[in-house]
Structure formats: structure tokens, C-alpha cells
Amino acid sequence: MRSENDPNLYLKRTCESELMVVCLYVDDMIYFGSTKLLIGEFKFNMMKTFEMRDLGLLQYFLGLEVKQGKYGIFIFQNKYATDLLKKFQLSNCVAAATPMNINEKLLKEDGSGKTDPRWFRSLVGGLNYLTHTRPDISFCVSVVSRYMHSPTKKHFGAAKRILRYFAGTVDYGIRYAEVPNFKLTGFIDSDWAGSIDDRKSTSGNVFSFGSGAVTWSSKKQETVALSTSSSFENVFPRVLIRLMIWVNRVCI
């Protein structure tokens, strides 16, 4: 049966309370189950019905690398980040210690002159994809994404700094492992009129379910907050709804 929350996610339950989960993307498929018998039966039926290949244990999927071992599952994007560094000729650059200069505020018109918007959008698009396994860059990528329509040289420099940060952290990722105390933990906050251009606040959150983060976000709010408390209230309902949907996916 298809999941109500994700049209590409399918689930199967047996009378013995066994569970099978299948995720589809075009002609690629990821599947796992609670027993080897259930997985073997599914694989046999699929290969009997369709022309397909079994690539074995999941290692690489849509730019995401997966390592599975006795210490858990580790997901990262080493190859994708390395290819992005090569594309923008930063393979041998000096790595940045932080993804953004905390003392720097970006503006729409900063007087540094315009840059090639195609290259800027390509870089920011690549950085956006890297946020799938890197919550630590969500905020800075969200900031540079605000200037896609008319980027300046200073905006391009800020985006390249994020990539230079990756040059020293390409092996970073998220590890999911068995933990004795499996609980949901979350952090949420927002700044106060952080955007100089329109004085809107930016909200951020990250939630972990067990050992690793499962959902995170950094986004500029749609309205101007009149106080720090209203700035927080604007984001909390949206985050709660997203989190409830994710937990429902896991617990179906």
C-alpha cells in the first residue's frame, strides 16, 4: 500500500507483524524489511515480473553515499562535494574553518558589482543538495539563496566560502546507530530581524530521533515579527506539523 505522506513510499505488513518498506525514484529502488525471508520473496517476485538488476547492499543513491556496518549506518556526500569543488576549481583551495563569516551581513546591493548569475545559481543549487546530509550549512545556504535573481561578487564569494568549508569537511555526514535511550530531541530558534534588507527574521530547527538528525530547516519568515516571542511563534506550528508527518512515516 502507498504511504499517505509520500507517493514514492510503499509499505507491506504481514499477519505476523512483519514490515516491508519500498522507496522508488524513477527507475531506482531502495527496499528493506524486518526479515530476510520477506526481502527475498519481494526481490524474487520483482525480478520475475520486471527486467531489473540487484545491486546488492545500498552504497550510493542519488548522490548520497551510504556505509553500513556494526556501528550503524553513515550517510554522507563525499563524491558529490568533491565533484562540486572540481567544477568551481576549488579542489586545492585553503579550507575555511567556518561556512560563513559571522561578522558579515549580506545585502541586495552591496556595491561590489554583479556576477554571472548562471554560475552563482549552479553553485547554490549544488550547495542546496549538500544540505541533505549536512544540517550545519542549512543557515548559510538559506542566506545566499536569497540573492539568486541578482547576485553580486560579494554574494558569490559568500557561496564559495561555504564550498571552501566543504574542502575540509568532505567526510562529514550523519550516523544512525542503535542507542539504549531512543527518544525524540529537538532544538528550535529564530533571530530578531536578521535580514537587513527587509528586517524579517530567520527561523531554524533541528530534530534527532535516536542517534542522528532526521529533519532540519533554516528559512526566512514570510512576515515581519513585531517581537522576539512572535518571531518564535511564527515558526513553531510549521515545524510541529512537519515533525508529526515525519514521525507518522516512521511509525506507519
# chains A, B, ... in the order shown; residues from 1 in each chain; ligands from 1
>>> residues_around(residues="Ile137 of chain A", least_positions_apart="5", cutoff="8 Å", atoms="only C-alpha atoms", output="mmCIF file with N, CA, C and O atoms, in the first residue's frame")
data_model
loop_
_atom_site.group_PDB
_atom_site.id
_atom_site.type_symbol
_atom_site.label_atom_id
_atom_site.label_comp_id
_atom_site.auth_asym_id
_atom_site.auth_seq_id
_atom_site.Cartn_x
_atom_site.Cartn_y
_atom_site.Cartn_z
ATOM 1 N N PRO A 99 31.589 27.939 7.687
ATOM 2 C CA PRO A 99 30.924 28.130 6.390
ATOM 3 C C PRO A 99 30.551 29.574 6.084
ATOM 4 O O PRO A 99 30.245 29.904 4.943
ATOM 5 N N THR A 131 22.840 19.943 1.537
ATOM 6 C CA THR A 131 22.180 20.063 2.842
ATOM 7 C C THR A 131 21.394 18.812 3.209
ATOM 8 O O THR A 131 20.904 18.705 4.338
ATOM 9 N N ILE A 162 31.341 28.760 1.548
ATOM 10 C CA ILE A 162 30.668 27.544 2.020
ATOM 11 C C ILE A 162 31.314 26.323 1.380
ATOM 12 O O ILE A 162 31.541 25.300 2.031
#
>>> select_by_dssp(residues="segment 24-173 of chain A", states="alpha helix (DSSP H)", output="PyMOL selection string")
chain A and resi 36-49+78-87+117-130+138-144+153-167
>>> atom_distance(atom1="atom CA of Phe187 of chain A", atom2="atom CA of Gly69 of chain A")
28.8 Å
>>> residues_around(residues="His132 of chain A", least_positions_apart="5", cutoff="12 Å", atoms="only C-alpha atoms", output="PyMOL selection string")
chain A and resi 62-65+75-77+80-81+126-127+137-138+141+172-174+213-217
>>> residues_around(residues="segment 34-51 of chain A", least_positions_apart="6", cutoff="9 Å", atoms="only C-alpha atoms", output="ChimeraX atom specification")
/A:18-20
>>> write_last_selection(atoms="N, CA and C atoms", output="JSON list (two decimals), in the first residue's frame")
[["chain", "number", "residue", "atom", "x", "y", "z"],
["A", 18, "GLU", "N", 5.23, -8.49, 10.32],
["A", 18, "GLU", "CA", 6.46, -8.18, 9.61],
["A", 18, "GLU", "C", 6.22, -6.97, 8.71],
["A", 19, "LEU", "N", 7.29, -6.19, 8.49],
["A", 19, "LEU", "CA", 7.16, -4.94, 7.74],
["A", 19, "LEU", "C", 8.15, -4.90, 6.58],
["A", 20, "MET", "N", 7.64, -4.44, 5.43],
["A", 20, "MET", "CA", 8.46, -4.25, 4.24],
["A", 20, "MET", "C", 8.27, -2.82, 3.77]]
